[in-house]
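Trainee: For reference, the file query26.txt (compact mmCIF, N, CA and C atoms) is included below:
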```txt
# COMPACT_ATOMS: atom_id res chain seq x y z
N ASP A 1 98.93 90.76 115.58
CA ASP A 1 98.56 89.43 116.03
C ASP A 1 98.43 88.53 114.81
N GLY A 2 99.13 87.40 114.81
CA GLY A 2 99.15 86.50 113.67
C GLY A 2 97.80 85.88 113.36
N VAL A 3 96.99 85.63 114.38
CA VAL A 3 95.67 85.04 114.18
C VAL A 3 94.77 86.00 113.42
N PHE A 4 94.79 87.27 113.82
CA PHE A 4 93.98 88.27 113.13
C PHE A 4 94.38 88.37 111.66
N LEU A 5 95.67 88.40 111.40
CA LEU A 5 96.16 88.49 110.01
C LEU A 5 95.71 87.27 109.21
N ASP A 6 95.82 86.08 109.78
CA ASP A 6 95.37 84.87 109.10
C ASP A 6 93.89 84.93 108.77
N GLN A 7 93.08 85.41 109.71
CA GLN A 7 91.64 85.52 109.49
C GLN A 7 91.35 86.54 108.40
N TYR A 8 92.02 87.68 108.45
CA TYR A 8 91.81 88.72 107.44
C TYR A 8 92.18 88.20 106.05
N LEU A 9 93.34 87.58 105.94
CA LEU A 9 93.77 87.06 104.64
C LEU A 9 92.81 86.01 104.13
N SER A 10 92.29 85.19 105.02
CA SER A 10 91.32 84.18 104.62
C SER A 10 90.04 84.82 104.08
N THR A 11 89.56 85.89 104.71
CA THR A 11 88.35 86.56 104.22
C THR A 11 88.60 87.24 102.88
N MET A 12 89.85 87.58 102.57
CA MET A 12 90.19 88.21 101.30
C MET A 12 90.45 87.17 100.21
N GLY A 13 90.32 85.89 100.55
CA GLY A 13 90.48 84.84 99.55
C GLY A 13 91.88 84.25 99.49
N PHE A 14 92.70 84.53 100.49
CA PHE A 14 94.05 83.98 100.52
C PHE A 14 94.14 82.92 101.59
N ASP A 15 94.73 81.82 101.26
CA ASP A 15 95.13 80.83 102.25
C ASP A 15 96.39 80.16 101.70
N GLU A 16 96.92 79.23 102.44
CA GLU A 16 98.20 78.65 102.03
C GLU A 16 98.13 77.86 100.72
N PHE A 17 96.94 77.54 100.25
CA PHE A 17 96.80 76.76 99.03
C PHE A 17 96.29 77.57 97.84
N THR A 18 96.02 78.83 98.05
CA THR A 18 95.47 79.68 97.00
C THR A 18 96.61 80.27 96.17
N PRO A 19 96.54 80.15 94.84
CA PRO A 19 97.57 80.78 94.02
C PRO A 19 97.55 82.29 94.21
N LYS A 20 98.69 82.93 93.94
CA LYS A 20 98.73 84.39 94.04
C LYS A 20 97.68 84.99 93.12
N HIS A 21 97.01 86.01 93.62
CA HIS A 21 96.02 86.72 92.81
C HIS A 21 95.74 88.08 93.43
N ILE A 22 95.10 88.93 92.68
CA ILE A 22 94.67 90.23 93.18
C ILE A 22 93.17 90.13 93.43
N PRO A 23 92.73 90.30 94.67
CA PRO A 23 91.29 90.23 94.95
C PRO A 23 90.52 91.23 94.08
N SER A 24 89.36 90.83 93.60
CA SER A 24 88.60 91.65 92.66
C SER A 24 88.29 93.05 93.20
N GLN A 25 88.04 93.16 94.51
CA GLN A 25 87.74 94.49 95.05
C GLN A 25 88.93 95.43 94.95
N TYR A 26 90.13 94.89 94.89
CA TYR A 26 91.33 95.74 94.73
C TYR A 26 91.39 96.31 93.31
N LEU A 27 90.86 95.58 92.34
CA LEU A 27 90.90 96.03 90.95
C LEU A 27 89.92 97.16 90.68
N ILE A 28 88.97 97.38 91.60
CA ILE A 28 87.99 98.47 91.42
C ILE A 28 88.12 99.52 92.52
N ALA A 29 89.23 99.49 93.26
CA ALA A 29 89.47 100.48 94.31
C ALA A 29 89.75 101.84 93.67
N SER A 30 89.97 102.83 94.49
CA SER A 30 90.26 104.18 93.97
C SER A 30 91.56 104.13 93.15
N ALA A 31 91.72 105.11 92.28
CA ALA A 31 92.92 105.18 91.44
C ALA A 31 94.18 105.24 92.32
N HIS A 32 94.12 105.99 93.39
CA HIS A 32 95.28 106.08 94.28
C HIS A 32 95.63 104.71 94.86
N GLN A 33 94.62 103.98 95.32
CA GLN A 33 94.87 102.65 95.90
C GLN A 33 95.39 101.68 94.85
N ARG A 34 94.83 101.74 93.65
CA ARG A 34 95.31 100.85 92.58
C ARG A 34 96.74 101.19 92.20
N ARG A 35 97.07 102.47 92.16
CA ARG A 35 98.44 102.90 91.83
C ARG A 35 99.42 102.39 92.90
N GLU A 36 99.03 102.48 94.16
CA GLU A 36 99.89 101.98 95.24
C GLU A 36 100.05 100.46 95.17
N LEU A 37 98.98 99.77 94.82
CA LEU A 37 99.07 98.32 94.65
C LEU A 37 100.03 97.98 93.51
N LEU A 38 99.89 98.67 92.39
CA LEU A 38 100.79 98.43 91.26
C LEU A 38 102.23 98.74 91.66
N ARG A 39 102.42 99.80 92.41
CA ARG A 39 103.76 100.16 92.88
C ARG A 39 104.36 99.03 93.72
N GLY A 40 103.58 98.46 94.61
CA GLY A 40 104.06 97.35 95.44
C GLY A 40 104.39 96.12 94.62
N LEU A 41 103.54 95.81 93.65
CA LEU A 41 103.81 94.66 92.78
C LEU A 41 105.09 94.86 91.98
N MET A 42 105.28 96.07 91.49
CA MET A 42 106.49 96.37 90.72
C MET A 42 107.74 96.34 91.62
N ASP A 43 107.58 96.73 92.87
CA ASP A 43 108.72 96.66 93.81
C ASP A 43 109.21 95.24 93.99
N THR A 44 108.30 94.28 93.95
CA THR A 44 108.69 92.89 94.20
C THR A 44 109.07 92.14 92.94
N ASP A 45 108.34 92.33 91.84
CA ASP A 45 108.57 91.52 90.64
C ASP A 45 108.69 92.34 89.36
N GLY A 46 109.00 93.61 89.47
CA GLY A 46 109.06 94.46 88.29
C GLY A 46 110.46 94.96 88.00
N THR A 47 110.64 95.40 86.76
CA THR A 47 111.90 96.02 86.35
C THR A 47 111.58 97.21 85.45
N ILE A 48 112.52 98.13 85.38
CA ILE A 48 112.44 99.29 84.50
C ILE A 48 113.56 99.16 83.50
N TYR A 49 113.27 99.40 82.22
CA TYR A 49 114.31 99.28 81.20
C TYR A 49 114.01 100.24 80.06
N GLY A 50 114.89 100.25 79.09
CA GLY A 50 114.70 101.07 77.89
C GLY A 50 115.27 102.46 78.05
N ARG A 51 115.17 103.19 77.00
CA ARG A 51 115.68 104.57 77.00
C ARG A 51 114.94 105.39 78.05
N GLN A 52 115.70 106.02 78.89
CA GLN A 52 115.17 106.90 79.92
C GLN A 52 114.18 106.20 80.84
N GLY A 53 114.27 104.89 80.96
CA GLY A 53 113.41 104.14 81.87
C GLY A 53 111.94 104.24 81.57
N ARG A 54 111.60 104.27 80.29
CA ARG A 54 110.20 104.45 79.91
C ARG A 54 109.41 103.15 79.81
N HIS A 55 110.08 102.05 79.98
CA HIS A 55 109.39 100.76 79.89
C HIS A 55 109.53 100.03 81.21
N VAL A 56 108.47 99.36 81.59
CA VAL A 56 108.50 98.54 82.79
C VAL A 56 108.03 97.14 82.45
N GLN A 57 108.44 96.21 83.27
CA GLN A 57 108.09 94.81 83.03
C GLN A 57 107.78 94.16 84.36
N PHE A 58 106.71 93.41 84.40
CA PHE A 58 106.34 92.62 85.57
C PHE A 58 106.46 91.16 85.16
N VAL A 59 107.20 90.37 85.91
CA VAL A 59 107.44 88.97 85.55
C VAL A 59 106.78 88.06 86.57
N SER A 60 106.02 87.10 86.06
CA SER A 60 105.37 86.12 86.92
C SER A 60 105.23 84.80 86.17
N VAL A 61 105.38 83.71 86.88
CA VAL A 61 105.13 82.40 86.27
C VAL A 61 103.65 82.07 86.30
N ASP A 62 102.86 82.87 87.00
CA ASP A 62 101.42 82.65 87.12
C ASP A 62 100.70 83.52 86.10
N ALA A 63 100.16 82.90 85.06
CA ALA A 63 99.50 83.64 83.98
C ALA A 63 98.30 84.45 84.50
N ASN A 64 97.57 83.90 85.45
CA ASN A 64 96.41 84.62 86.00
C ASN A 64 96.86 85.91 86.68
N LEU A 65 97.90 85.83 87.50
CA LEU A 65 98.41 87.02 88.17
C LEU A 65 98.92 88.03 87.14
N ALA A 66 99.64 87.56 86.13
CA ALA A 66 100.15 88.47 85.09
C ALA A 66 98.99 89.19 84.39
N ASN A 67 97.92 88.48 84.10
CA ASN A 67 96.76 89.10 83.45
C ASN A 67 96.08 90.10 84.38
N GLN A 68 96.04 89.80 85.67
CA GLN A 68 95.45 90.75 86.61
C GLN A 68 96.30 92.01 86.74
N VAL A 69 97.61 91.86 86.71
CA VAL A 69 98.49 93.04 86.76
C VAL A 69 98.31 93.87 85.49
N ARG A 70 98.17 93.20 84.36
CA ARG A 70 97.91 93.92 83.10
C ARG A 70 96.60 94.70 83.20
N GLU A 71 95.56 94.05 83.73
CA GLU A 71 94.26 94.71 83.90
C GLU A 71 94.38 95.90 84.85
N LEU A 72 95.13 95.72 85.93
CA LEU A 72 95.34 96.80 86.89
C LEU A 72 96.04 97.99 86.22
N ALA A 73 97.10 97.73 85.49
CA ALA A 73 97.84 98.80 84.81
C ALA A 73 96.96 99.50 83.78
N ALA A 74 96.21 98.73 83.01
CA ALA A 74 95.33 99.32 82.00
C ALA A 74 94.25 100.18 82.64
N SER A 75 93.77 99.77 83.81
CA SER A 75 92.73 100.56 84.50
C SER A 75 93.25 101.91 84.95
N LEU A 76 94.57 102.05 85.01
CA LEU A 76 95.19 103.32 85.39
C LEU A 76 95.64 104.12 84.17
N GLY A 77 95.30 103.62 82.97
CA GLY A 77 95.62 104.34 81.76
C GLY A 77 96.94 103.99 81.12
N TYR A 78 97.63 102.99 81.65
CA TYR A 78 98.90 102.57 81.07
C TYR A 78 98.66 101.61 79.91
N LYS A 79 99.51 101.68 78.90
CA LYS A 79 99.46 100.71 77.82
C LYS A 79 100.08 99.42 78.37
N ALA A 80 99.30 98.38 78.41
CA ALA A 80 99.76 97.14 79.04
C ALA A 80 99.47 95.95 78.15
N SER A 81 100.36 95.00 78.14
CA SER A 81 100.17 93.77 77.37
C SER A 81 100.87 92.63 78.10
N THR A 82 100.55 91.42 77.70
CA THR A 82 101.21 90.25 78.28
C THR A 82 101.80 89.42 77.16
N ARG A 83 102.78 88.66 77.52
CA ARG A 83 103.36 87.69 76.59
C ARG A 83 103.85 86.52 77.43
N SER A 84 103.98 85.40 76.82
CA SER A 84 104.46 84.23 77.55
C SER A 84 105.58 83.58 76.77
N LYS A 85 106.42 82.89 77.51
CA LYS A 85 107.49 82.13 76.88
C LYS A 85 107.85 80.99 77.80
N GLU A 86 108.56 80.03 77.27
CA GLU A 86 108.98 78.89 78.04
C GLU A 86 109.91 79.32 79.15
N SER A 87 109.71 78.74 80.31
CA SER A 87 110.66 79.00 81.40
C SER A 87 111.69 77.88 81.42
N TYR A 88 112.84 78.18 81.92
CA TYR A 88 113.92 77.20 81.97
C TYR A 88 114.84 77.52 83.14
N LEU A 89 115.65 76.56 83.50
CA LEU A 89 116.64 76.75 84.56
C LEU A 89 118.01 76.85 83.96
```
Would you write out, as structure tokens, the structure that this file holds?
Mentor:
Amino acid sequence: DGVFLDQYLSTMGFDEFTPKHIPSQYLIASAHQRRELLRGLMDTDGTIYGRQGRHVQFVSVDANLANQVRELAASLGYKASTRSKESYL
């Protein structure tokens, strides 16, 4: 039901005007849940590169979301960092 989903998303801090973000309770969920969240984020905006696919990259124009993904990855024991550069078309 679309109404229920709208209400649920609103209680989680999402509405049509809220920038993308990871709700704080997701960042302190169980390791399994955090790993699944990271997996979903990587499915949508991530890439694997380098020798034997040992490096991954998550790309976002939203610095806050990128920092939250870095925090999420680090909480799972991954070496994580962020960098920024000019975007262009």
Trainee: Just the residues within 12 Å of Pro23 in chain A, please, counting only C-alpha atoms, with nothing from its chain fewer than 5 positions along; format it as number ranges by chain.
Mentor: A: 9-14, 18, 28-29, 34, 37, 64-65, 68-69, 72
Trainee: For Glu86 in chain A, which residue out of A:Glu71, A:Leu41, A:Leu5, A:Val61 is the nearest one, using only C-alpha atoms?
Mentor: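 So, comparing all the options, the nearest one is A:Val61.
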Trainee: Compile the contact shell of Asp45 in chain A as JSON, numbers by chain: residues with an atom at most 8 Å away, counting only C-alpha atoms, same-chain residues fewer than 6 positions apart removed.
Mentor: {"A": [58, 59, 60]}
Trainee: Could you please write out, as number ranges by chain, every residue of range 38-77 of chain A that DSSP assigns to strand (DSSP E)?
Mentor: A: 46-49, 55-58
